[in-house]
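Next comes coords15.csv, with CSV, C-alpha atoms.
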chain,number,residue,atom,x,y,z
A,1,MET,CA,84.6,118.6,99.2
A,2,GLU,CA,87.8,119.1,97.3
A,3,VAL,CA,90.2,122.1,97.2
A,4,SER,CA,93.5,122.9,95.7
A,5,VAL,CA,96.4,122.4,98.2
A,6,ASN,CA,97.8,125.9,97.4
A,7,THR,CA,101.3,125.5,98.9
A,8,ALA,CA,103.4,123.3,96.7
A,9,ILE,CA,107.1,123.2,97.7
A,10,ALA,CA,109.7,121.6,95.4
A,11,LEU,CA,112.1,119.2,97.2
A,12,GLY,CA,114.9,117.1,95.9
A,13,ALA,CA,114.5,114.4,93.2
A,14,GLY,CA,111.4,116.0,91.8
A,15,VAL,CA,109.4,115.4,95.0
A,16,VAL,CA,106.7,118.0,95.8
A,17,LYS,CA,105.6,118.7,99.3
A,18,ARG,CA,102.0,119.9,100.0
A,19,PRO,CA,101.3,120.8,103.6
A,20,THR,CA,97.7,121.0,104.9
A,21,ARG,CA,95.7,120.4,108.1
A,22,LEU,CA,93.3,117.7,109.4
A,23,ALA,CA,89.9,118.6,110.9
A,24,ASP,CA,91.3,118.9,114.5
A,25,GLY,CA,94.2,121.1,113.4
A,26,ARG,CA,96.9,118.3,113.2
A,27,GLU,CA,99.5,118.8,110.5
A,28,LEU,CA,99.2,116.6,107.4
A,29,VAL,CA,101.9,116.8,104.6
A,30,TYR,CA,101.6,115.1,101.3
A,31,TYR,CA,104.8,114.2,99.4
A,32,ASP,CA,104.1,113.6,95.7
A,33,ASP,CA,106.3,111.3,93.7
A,34,PRO,CA,108.2,112.9,90.8
A,35,ASP,CA,106.1,110.9,88.4
A,36,THR,CA,102.8,111.3,90.4
A,37,THR,CA,99.5,110.9,88.7
A,38,LEU,CA,97.8,113.0,91.4
A,39,GLY,CA,96.8,116.6,90.7
A,40,GLU,CA,96.7,119.6,93.0
A,41,VAL,CA,93.1,119.0,94.1
A,42,ARG,CA,92.8,117.1,97.3
A,43,ALA,CA,89.9,116.2,99.5
A,44,VAL,CA,89.4,118.2,102.7
A,45,ASP,CA,89.0,116.5,106.0
A,46,GLN,CA,85.4,117.2,107.0
A,47,ARG,CA,85.2,114.8,110.0
A,48,THR,CA,83.8,115.9,113.3
A,49,LEU,CA,86.6,114.9,115.7
A,50,ASP,CA,86.9,114.9,119.4
A,51,PRO,CA,89.2,117.5,120.9
A,52,ARG,CA,92.8,116.5,120.8
A,53,PRO,CA,93.9,114.8,124.1
A,54,ALA,CA,96.1,116.6,126.6
A,55,THR,CA,99.7,116.0,126.0
A,56,ALA,CA,101.0,113.0,128.0
A,57,THR,CA,103.1,113.2,131.1
A,58,MET,CA,106.5,111.7,131.6
A,59,ARG,CA,107.9,110.5,134.9
A,60,GLN,CA,111.5,110.1,135.9
A,61,ASP,CA,112.9,106.8,137.0
A,62,VAL,CA,115.3,107.9,139.7
A,63,LEU,CA,117.3,104.6,139.5
A,64,THR,CA,118.5,105.4,136.0
A,65,GLY,CA,117.5,109.0,135.3
A,66,ASP,CA,115.4,107.8,132.3
A,67,TRP,CA,112.1,109.5,131.6
A,68,VAL,CA,109.0,107.3,131.0
A,69,SER,CA,106.1,108.8,129.1
A,70,ILE,CA,102.7,107.8,130.4
A,71,ALA,CA,100.5,108.0,127.3
A,72,ALA,CA,97.2,106.4,128.3
A,73,ALA,CA,95.4,107.7,125.1
A,74,ARG,CA,97.4,105.1,123.1
A,75,GLN,CA,95.3,102.3,124.6
A,76,ASN,CA,92.5,103.3,122.2
A,77,ARG,CA,94.5,103.0,119.0
A,78,ALA,CA,93.4,100.7,116.2
A,79,PHE,CA,94.4,97.0,116.3
A,80,LEU,CA,94.8,95.0,113.1
A,81,PRO,CA,91.7,96.5,111.4
A,82,PRO,CA,90.3,95.0,108.2
A,83,ALA,CA,91.1,96.7,104.9
A,84,HIS,CA,87.8,98.6,104.7
A,85,LEU,CA,88.5,100.2,108.1
A,86,ASP,CA,92.2,100.9,107.6
A,87,PRO,CA,92.9,104.3,109.4
A,88,LEU,CA,95.9,105.0,107.1
A,89,ALA,CA,94.0,104.4,103.8
A,90,PRO,CA,92.5,107.3,101.9
A,91,GLN,CA,89.1,108.3,103.2
A,92,SER,CA,86.0,106.8,101.6
A,93,PRO,CA,82.3,107.1,102.4
A,94,ALA,CA,82.6,103.9,104.5
A,95,ASN,CA,86.0,104.7,106.1
A,96,PRO,CA,86.5,108.0,107.9
A,97,SER,CA,90.3,107.5,108.0
A,98,GLU,CA,93.1,109.9,108.9
A,99,ILE,CA,94.0,110.9,105.4
A,100,PRO,CA,91.3,112.6,103.3
A,101,ALA,CA,92.8,112.2,99.8
A,102,LEU,CA,94.6,109.7,97.7
A,103,TYR,CA,98.3,110.1,98.1
A,104,ASP,CA,101.8,108.8,97.2
A,105,VAL,CA,103.4,109.4,100.7
A,106,ALA,CA,101.7,111.2,103.5
A,107,VAL,CA,102.9,112.3,107.0
A,108,PHE,CA,100.6,113.4,109.8
A,109,GLU,CA,100.6,114.0,113.5
A,110,ASN,CA,99.6,111.0,115.5
A,111,LYS,CA,96.1,111.3,117.0
A,112,SER,CA,97.2,109.6,120.3
A,113,PRO,CA,100.9,110.6,120.6
A,114,SER,CA,103.4,109.6,123.3
A,115,PHE,CA,104.9,113.1,122.9
A,116,GLY,CA,102.7,116.0,122.0
A,117,PRO,CA,102.6,119.8,121.5
A,118,ALA,CA,103.4,122.3,124.2
A,119,LEU,CA,100.4,124.3,123.1
A,120,ILE,CA,97.7,123.6,120.5
A,121,HIS,CA,96.9,126.8,118.8
A,122,GLU,CA,94.2,125.6,116.4
A,123,HIS,CA,91.3,125.4,118.8
A,124,GLU,CA,90.3,127.9,121.5
A,125,GLY,CA,90.6,126.3,124.9
A,126,ALA,CA,92.7,123.4,123.7
A,127,PRO,CA,95.1,121.8,126.2
A,128,ALA,CA,98.5,123.3,126.7
A,129,ALA,CA,101.5,121.7,128.5
A,130,SER,CA,101.1,122.2,132.2
A,131,ASP,CA,104.7,121.5,133.2
A,132,PRO,CA,107.0,121.4,130.1
A,133,PRO,CA,110.7,120.4,130.4
A,134,LEU,CA,113.0,123.3,131.3
A,135,GLY,CA,115.9,122.1,129.2
A,136,LEU,CA,118.5,119.3,129.5
A,137,ASP,CA,119.9,120.4,132.8
A,138,ASP,CA,116.4,120.2,134.3
A,139,LEU,CA,115.8,116.8,132.8
A,140,GLY,CA,119.2,115.6,134.0
A,141,THR,CA,118.5,116.4,137.7
A,142,LEU,CA,117.6,113.4,139.8
A,143,GLY,CA,114.7,113.4,142.3
A,144,LEU,CA,111.8,111.4,143.6
A,145,GLY,CA,108.4,112.0,142.1
A,146,ARG,CA,109.7,114.2,139.3
A,147,SER,CA,107.4,114.6,136.3
A,148,ARG,CA,107.1,116.8,133.2
A,149,THR,CA,104.7,117.2,130.3
A,150,SER,CA,105.8,114.9,127.4
A,151,VAL,CA,106.5,117.8,124.9
A,152,GLY,CA,107.5,116.7,121.4
A,153,ARG,CA,105.9,115.3,118.3
A,154,CYS,CA,104.9,111.8,117.0
A,155,GLU,CA,104.2,111.5,113.3
A,156,VAL,CA,103.0,108.7,111.1
A,157,VAL,CA,104.7,108.2,107.8
A,158,CYS,CA,102.5,106.4,105.2
A,159,PHE,CA,104.7,104.9,102.5
A,160,SER,CA,101.8,104.0,100.2
A,161,PRO,CA,97.9,104.0,100.2
A,162,GLU,CA,97.9,100.2,100.0
A,163,HIS,CA,96.5,98.3,102.9
A,164,GLU,CA,99.4,95.9,103.5
A,165,GLY,CA,103.2,96.0,102.9
A,166,SER,CA,106.4,97.5,104.2
A,167,PHE,CA,109.3,99.7,102.9
A,168,GLY,CA,110.9,96.7,101.1
A,169,GLY,CA,107.9,96.4,98.8
A,170,LEU,CA,108.1,99.9,97.5
A,171,THR,CA,109.3,100.9,94.0
A,172,GLN,CA,112.7,102.7,93.9
A,173,THR,CA,110.9,105.9,93.0
A,174,ARG,CA,108.6,105.7,96.0
A,175,ALA,CA,111.5,104.7,98.3
A,176,ARG,CA,113.3,107.8,97.2
A,177,THR,CA,110.2,109.9,98.0
A,178,VAL,CA,110.1,108.5,101.5
A,179,ILE,CA,113.8,109.3,102.0
A,180,GLU,CA,113.1,112.9,100.9
A,181,ALA,CA,110.2,113.0,103.4
A,182,TRP,CA,112.5,111.7,106.2
A,183,ALA,CA,115.0,114.4,105.5
A,184,ASP,CA,112.3,117.2,105.3
A,185,ARG,CA,110.6,116.0,108.5
A,186,THR,CA,113.9,115.8,110.3
A,187,SER,CA,114.6,119.4,109.5
A,188,ALA,CA,111.1,120.5,110.5
A,189,LEU,CA,110.9,118.6,113.7
A,190,GLN,CA,114.4,119.7,114.9
A,191,ALA,CA,113.2,123.3,114.6
A,192,LEU,CA,110.3,122.8,117.0
A,193,PRO,CA,110.8,124.3,120.5
A,194,GLY,CA,111.9,121.8,123.1
A,195,VAL,CA,112.9,119.0,120.7
A,196,GLU,CA,116.3,117.5,121.4
A,197,GLN,CA,116.4,114.4,119.1
A,198,VAL,CA,114.5,113.2,116.1
A,199,PHE,CA,114.1,109.4,115.4
A,200,PRO,CA,112.6,107.9,112.1
A,201,PHE,CA,111.8,104.2,112.3
A,202,GLU,CA,109.8,101.4,110.9
A,203,ASN,CA,108.3,98.6,112.9
A,204,ARG,CA,107.4,95.6,110.7
A,205,GLY,CA,105.5,92.5,111.7
A,206,GLU,CA,103.1,91.3,114.4
A,207,ALA,CA,106.0,89.7,116.3
A,208,ILE,CA,107.4,93.2,116.8
A,209,GLY,CA,104.0,94.5,118.0
A,210,VAL,CA,102.7,96.1,114.9
A,211,THR,CA,99.0,96.9,115.1
A,212,LEU,CA,98.5,98.1,111.5
A,213,PRO,CA,99.6,96.1,108.4
A,214,HIS,CA,99.5,99.2,106.3
A,215,PRO,CA,103.0,100.1,105.0
A,216,HIS,CA,104.1,102.9,107.3
A,217,GLY,CA,106.8,104.1,109.7
A,218,GLN,CA,106.9,106.7,112.4
A,219,ILE,CA,109.0,109.7,113.5
A,220,TYR,CA,109.4,110.6,117.1
A,221,ALA,CA,110.7,114.0,118.3
A,222,TYR,CA,111.9,113.7,121.9
A,223,PRO,CA,112.3,116.5,124.5
A,224,TYR,CA,115.5,114.8,125.7
A,225,VAL,CA,118.5,112.9,124.3
A,226,THR,CA,117.5,109.2,124.4
A,227,PRO,CA,119.3,106.8,126.8
A,228,ARG,CA,120.8,104.9,123.9
A,229,THR,CA,122.2,108.1,122.4
A,230,GLN,CA,123.6,109.3,125.7
A,231,ARG,CA,125.6,106.0,125.9
A,232,LEU,CA,126.8,106.6,122.4
A,233,LEU,CA,128.0,110.1,123.2
A,234,ALA,CA,129.8,108.8,126.3
A,235,SER,CA,131.5,106.2,124.1
A,236,ILE,CA,132.6,108.9,121.6
A,237,ASP,CA,134.0,111.0,124.5
A,238,ALA,CA,136.0,107.9,125.7
A,239,TYR,CA,137.2,106.7,122.3
A,240,GLY,CA,137.6,109.9,120.4
A,241,PRO,CA,135.7,111.9,117.7
A,242,GLU,CA,136.8,109.5,114.9
A,243,LEU,CA,134.7,106.6,116.4
A,244,PHE,CA,132.4,106.1,113.4
A,245,ALA,CA,135.1,106.6,110.8
A,246,ASP,CA,137.1,103.8,112.5
A,247,ILE,CA,134.0,101.5,112.8
A,248,LEU,CA,133.4,101.9,109.1
A,249,ALA,CA,137.0,101.1,108.2
A,250,PHE,CA,137.1,98.2,110.6
A,251,GLU,CA,133.9,96.6,109.3
A,252,ARG,CA,134.7,97.2,105.6
A,253,ASP,CA,137.9,95.2,106.1
A,254,SER,CA,136.0,92.3,107.6
A,255,GLU,CA,133.9,89.3,106.4
A,256,ARG,CA,130.8,90.9,107.8
A,257,VAL,CA,130.1,93.3,105.0
A,258,ILE,CA,126.8,92.5,103.1
A,259,LEU,CA,126.7,95.2,100.4
A,260,SER,CA,128.4,98.4,99.7
A,261,GLY,CA,128.1,101.4,97.3
A,262,GLU,CA,129.8,104.6,96.6
A,263,HIS,CA,128.2,106.3,99.6
A,264,TRP,CA,126.9,103.6,102.0
A,265,THR,CA,128.0,100.2,103.5
A,266,ALA,CA,125.8,97.6,105.2
A,267,PHE,CA,127.3,95.1,107.6
A,268,VAL,CA,126.6,92.8,110.5
A,269,PRO,CA,128.3,94.5,113.4
A,270,PHE,CA,131.2,92.8,115.2
A,271,ALA,CA,129.2,92.5,118.5
A,272,ALA,CA,125.7,92.0,117.2
A,273,ARG,CA,123.1,91.4,119.9
A,274,TRP,CA,120.2,90.2,117.9
A,275,PRO,CA,120.0,87.0,115.8
A,276,LEU,CA,119.5,89.2,112.8
A,277,GLU,CA,121.2,92.7,113.0
A,278,VAL,CA,122.5,94.9,110.2
A,279,HIS,CA,124.0,98.4,110.4
A,280,LEU,CA,124.1,100.8,107.5
A,281,LEU,CA,126.6,103.7,107.6
A,282,PRO,CA,127.3,106.6,105.2
A,283,HIS,CA,130.9,106.8,104.1
A,284,ARG,CA,131.3,110.5,105.2
A,285,HIS,CA,130.2,112.1,108.4
A,286,VAL,CA,126.6,113.3,108.3
A,287,PRO,CA,124.6,113.9,111.5
A,288,ASP,CA,121.1,113.2,110.1
A,289,PHE,CA,119.0,112.8,107.0
A,290,ALA,CA,118.7,116.5,106.5
A,291,ALA,CA,122.5,116.7,106.0
A,292,THR,CA,122.7,114.0,103.3
A,293,THR,CA,123.3,115.0,99.7
A,294,ALA,CA,121.1,114.3,96.7
A,295,GLU,CA,123.6,111.7,95.5
A,296,GLU,CA,123.6,109.9,98.9
A,297,ARG,CA,119.8,109.8,99.0
A,298,ASP,CA,119.7,108.6,95.4
A,299,GLU,CA,122.0,105.6,96.2
A,300,LEU,CA,120.3,104.9,99.5
A,301,ALA,CA,116.9,104.1,97.8
A,302,PRO,CA,118.0,101.1,95.7
A,303,LEU,CA,120.6,99.9,98.2
A,304,TYR,CA,118.2,99.9,101.2
A,305,LEU,CA,115.6,98.1,99.1
A,306,ARG,CA,118.2,95.4,98.2
A,307,LEU,CA,119.0,95.0,101.9
A,308,LEU,CA,115.4,94.6,102.9
A,309,LYS,CA,114.6,92.1,100.1
A,310,GLY,CA,117.6,90.0,101.2
A,311,ILE,CA,116.4,90.0,104.8
A,312,ASP,CA,113.0,88.7,103.6
A,313,ALA,CA,114.7,86.1,101.4
A,314,LEU,CA,116.2,84.3,104.4
A,315,TYR,CA,112.9,82.5,105.1
A,316,ASP,CA,109.7,81.6,103.4
A,317,THR,CA,107.7,84.2,105.3
A,318,PRO,CA,108.4,87.9,105.8
A,319,THR,CA,110.9,88.7,108.6
A,320,PRO,CA,109.7,91.0,111.5
A,321,TYR,CA,112.1,93.8,112.2
A,322,ILE,CA,112.7,97.2,113.7
A,323,ALA,CA,114.5,99.6,111.2
A,324,ALA,CA,115.9,102.3,113.5
A,325,TRP,CA,117.5,105.4,111.9
A,326,HIS,CA,119.8,106.9,114.6
A,327,GLN,CA,120.5,110.6,114.2
A,328,ALA,CA,122.6,113.0,116.1
A,329,PRO,CA,120.8,115.1,118.8
A,330,VAL,CA,119.8,118.6,117.9
A,331,ASN,CA,122.2,120.3,120.3
A,332,ALA,CA,124.9,117.7,121.0
A,333,GLY,CA,127.3,115.5,119.1
A,334,ARG,CA,126.6,117.1,115.7
A,335,ASP,CA,130.3,116.7,114.6
A,336,THR,CA,130.8,113.2,115.9
A,337,ALA,CA,127.5,111.2,116.1
A,338,ARG,CA,126.8,109.9,112.6
A,339,LEU,CA,123.5,109.0,111.0
A,340,ASN,CA,123.2,105.2,110.9
A,341,LEU,CA,120.6,102.5,110.4
A,342,GLN,CA,120.4,99.7,113.0
A,343,LEU,CA,118.0,97.0,111.7
A,344,THR,CA,117.3,94.3,114.2
A,345,SER,CA,115.0,91.2,114.2
A,346,PRO,CA,114.3,88.7,117.0
A,347,ARG,CA,113.9,85.9,114.4
A,348,ARG,CA,116.6,83.3,115.0
A,349,ALA,CA,115.1,80.5,112.8
A,350,ALA,CA,112.2,80.0,110.5
A,351,ASP,CA,109.9,79.2,113.3
A,352,LYS,CA,111.7,80.6,116.4
A,353,LEU,CA,112.0,84.0,118.0
A,354,LYS,CA,114.5,85.4,120.5
A,355,PHE,CA,112.7,86.6,123.6
A,356,LEU,CA,114.4,89.1,125.9
A,357,ALA,CA,114.3,87.2,129.2
A,358,GLY,CA,116.2,87.5,132.5
A,359,SER,CA,119.7,88.5,131.4
A,360,GLU,CA,118.8,90.8,128.5
A,361,ALA,CA,115.6,92.3,129.8
A,362,ALA,CA,116.5,92.7,133.5
A,363,MET,CA,120.2,93.3,133.4
A,364,GLY,CA,120.9,94.5,129.8
A,365,ALA,CA,123.5,91.7,129.5
A,366,TRP,CA,123.1,90.2,126.1
A,367,ILE,CA,123.8,86.6,124.9
A,368,ALA,CA,123.9,86.2,121.1
A,369,ASP,CA,122.5,83.2,119.4
A,370,VAL,CA,124.2,83.5,116.0
A,371,ALA,CA,127.8,84.4,115.2
A,372,PRO,CA,127.8,87.7,113.2
A,373,GLU,CA,130.1,86.2,110.5
A,374,THR,CA,127.6,83.4,110.0
A,375,GLN,CA,124.7,85.7,109.6
A,376,ALA,CA,126.6,88.0,107.3
A,377,ALA,CA,127.5,85.1,105.0
A,378,ARG,CA,123.8,84.0,104.8
A,379,LEU,CA,122.7,87.5,104.0
A,380,ARG,CA,125.3,87.9,101.2
A,381,GLU,CA,123.9,84.8,99.6
A,382,VAL,CA,120.3,86.1,99.4
A,383,VAL,CA,120.7,89.9,98.9
A,384,PRO,CA,119.8,90.5,95.2
A,385,ALA,CA,122.5,91.7,92.8
Hey, can you dump this file as C-alpha cells for me?
Amino acid sequence: MEVSVNTAIALGAGVVKRPTRLADGRELVYYDDPDTTLGEVRAVDQRTLDPRPATATMRQDVLTGDWVSIAAARQNRAFLPPAHLDPLAPQSPANPSEIPALYDVAVFENKSPSFGPALIHEHEGAPAASDPPLGLDDLGTLGLGRSRTSVGRCEVVCFSPEHEGSFGGLTQTRARTVIEAWADRTSALQALPGVEQVFPFENRGEAIGVTLPHPHGQIYAYPYVTPRTQRLLASIDAYGPELFADILAFERDSERVILSGEHWTAFVPFAARWPLEVHLLPHRHVPDFAATTAEERDELAPLYLRLLKGIDALYDTPTPYIAAWHQAPVNAGRDTARLNLQLTSPRRAADKLKFLAGSEAAMGAWIADVAPETQAARLREVVPA
C-alpha cells in the first residue's frame, strides 16, 4: 500500500521534510535531497508489531551522582545482519525492516530505546512513565536506591538506503541533507517535555561496538545534563565565558590545525586523550546545530567529508571512530557552551587498538600514546585538498 505523505515542509538548502508514523506509532521523518528522484508517494508501514516496550528505568550511582539507564530491551537488537535482513534498508517482501519506503535520509524512533517517551499516546493502554524525573534539582539530589523512568528519546538517523558505509562515503549533497536533519531534529527534540540535552553522534566500525554496517548515526535526548557536559560547564565557570573563543584562538595559532575554512576549524587538541582525536569548532559562538546559519551548514558538509576521508586515508582499512557532536544543554550554558565535534578513535597503529584498562577505565586518568602534534602532521598529509 502506498499513499502520499501529505505534510511536506521546506527546510534549508532545498531539503524537504516529510513526517509520518510507523505501524506502532513511532515517529518516522523522511528528509529528501534537493535533487531527489523520489516522489511524494511512500509505502505505508503495514507490519503487525508487538506493543512498544515500557520506557526503561535509570538508577542513580550515589558515589558519583550519575544516572545509569537499565535498558534490557536493547539485548534483542539486531547484530551484524546480512544485507537481505538489514533493518535500516527500505522494506521489501522478504525484509520487514523499519523503514517502509525508499528514502534519501530517514530518522525514526528507536524500537528498543535507552530513553523513551513519558507517555505513548498512539495506542490505548500503552505504557506510561511510572516515575519520571521531577527536574534537575530532583536528579541532582543524592540518595541510596534512587530511580526514575528514563524519559527522553533515542532516534536512528539513516544516512543512505545502502547496506554498508558511513558519513564519509556520502556525496556532498547528501551530507548537507544529513546536517539539515541534525539541525531540525535538535530543535524538535529540545522542545520535548523533560529533555535537557540533545546529542547527535555516529559510531563507526566493529571495534567501536557497531552492530549494523548500514550508514547511520543516532541522536539521544537525555532527561539530564550529561556528566561530560557538567564538567564542561564547571570549567567555563572557573575559566570564564570566553573559554571556547580562547581555545579556538590558541589552537589556530598552533601546529595542530588540520584544516580550516571561513566558518570552521579542525584540529588535534592540545591535551588529546585518544591516539586519534580531532575537534571541530565553529568560528562564532553557536550552542547547537539549530543555531547554525545556512552558510555554516553549507561549508560544514564538504569540510567534514574532507576530514573523514583523511582519517580513513591514514591506514589501508577504514578507521573505527566515534563522531560526537557536543551541544549546549537546553536550559544551561546557552551563551557559553559552544557546538563542537569531538571525533575519537582507539586506533593507535594499523593493527593495534588502545584499550581502556586500569588507569583510564577505573580512575579516569589518561595516558596518551601519540603526541598531538605528531598526529596532526600525519593528518595534514592525508586530508584531501
What are the closest atom pairs, with distances in Å to one decimal, for all residues of segment 141-246 of chain A lying within 6 Å of segment 41-65 of chain A? Consider all atoms listed in the file, order rows by chain and residue number, and present the result as JSON lines.
{"residue": "A:Leu142", "atom": "CA", "partner": "A:Val62", "partner_atom": "CA", "distance": 6.0}
{"residue": "A:Arg146", "atom": "CA", "partner": "A:Gln60", "partner_atom": "CA", "distance": 5.6}
{"residue": "A:Ser147", "atom": "CA", "partner": "A:Arg59", "partner_atom": "CA", "distance": 4.4}
{"residue": "A:Arg148", "atom": "CA", "partner": "A:Met58", "partner_atom": "CA", "distance": 5.4}
{"residue": "A:Thr149", "atom": "CA", "partner": "A:Thr57", "partner_atom": "CA", "distance": 4.4}
{"residue": "A:Ser150", "atom": "CA", "partner": "A:Thr57", "partner_atom": "CA", "distance": 4.9}
Taking 2 positions as the minimum chain separation for residues in the same chain, which residues sit within 12 Å of Ser92 of chain A when counting all atoms listed in the file? Answer as JSON, numbers by chain. {"A": [43, 44, 45, 46, 47, 83, 84, 85, 86, 87, 88, 89, 90, 94, 95, 96, 97, 98, 99, 100, 101, 102]}
Which is closest to Glu373 of chain A among A:Asp288, A:Asp35, A:Glu251, A:Glu180, if we use all atoms listed in the file? A:Glu251
Show me a table, sorted first by chain and then by increasing residue number, of the residues of segment 58-167 of chain A having an atom at most 8 Å from segment 172-178 of chain A, each with its shortest atom pair and the distance in Å to one decimal, counting only C-alpha atoms and written as JSON lines.
{"residue": "A:Asp104", "atom": "CA", "partner": "A:Arg174", "partner_atom": "CA", "distance": 7.6}
{"residue": "A:Val105", "atom": "CA", "partner": "A:Val178", "partner_atom": "CA", "distance": 6.8}
{"residue": "A:Phe159", "atom": "CA", "partner": "A:Val178", "partner_atom": "CA", "distance": 6.6}
{"residue": "A:Phe167", "atom": "CA", "partner": "A:Ala175", "partner_atom": "CA", "distance": 7.1}
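Picture a line from atom CA of Pro320 of chain A to atom CA of Ala207 of chain A; it runs 6.2 Å.
Proximity of A:Gly240, A:Pro81, A:Gly12, A:Pro213 to Thr293 of chain A, computed with only C-alpha atoms, is greatest for A:Gly12.
Among the candidates A:Leu343, A:Ile70, A:Ala328, A:Val29, the residue lying nearest to Ala291 of chain A is A:Ala328 (atoms considered: only C-alpha atoms).
Note that the spacing between atom CA of Gly169 of chain A and atom CA of Leu303 of chain A amounts to 13.2 Å.
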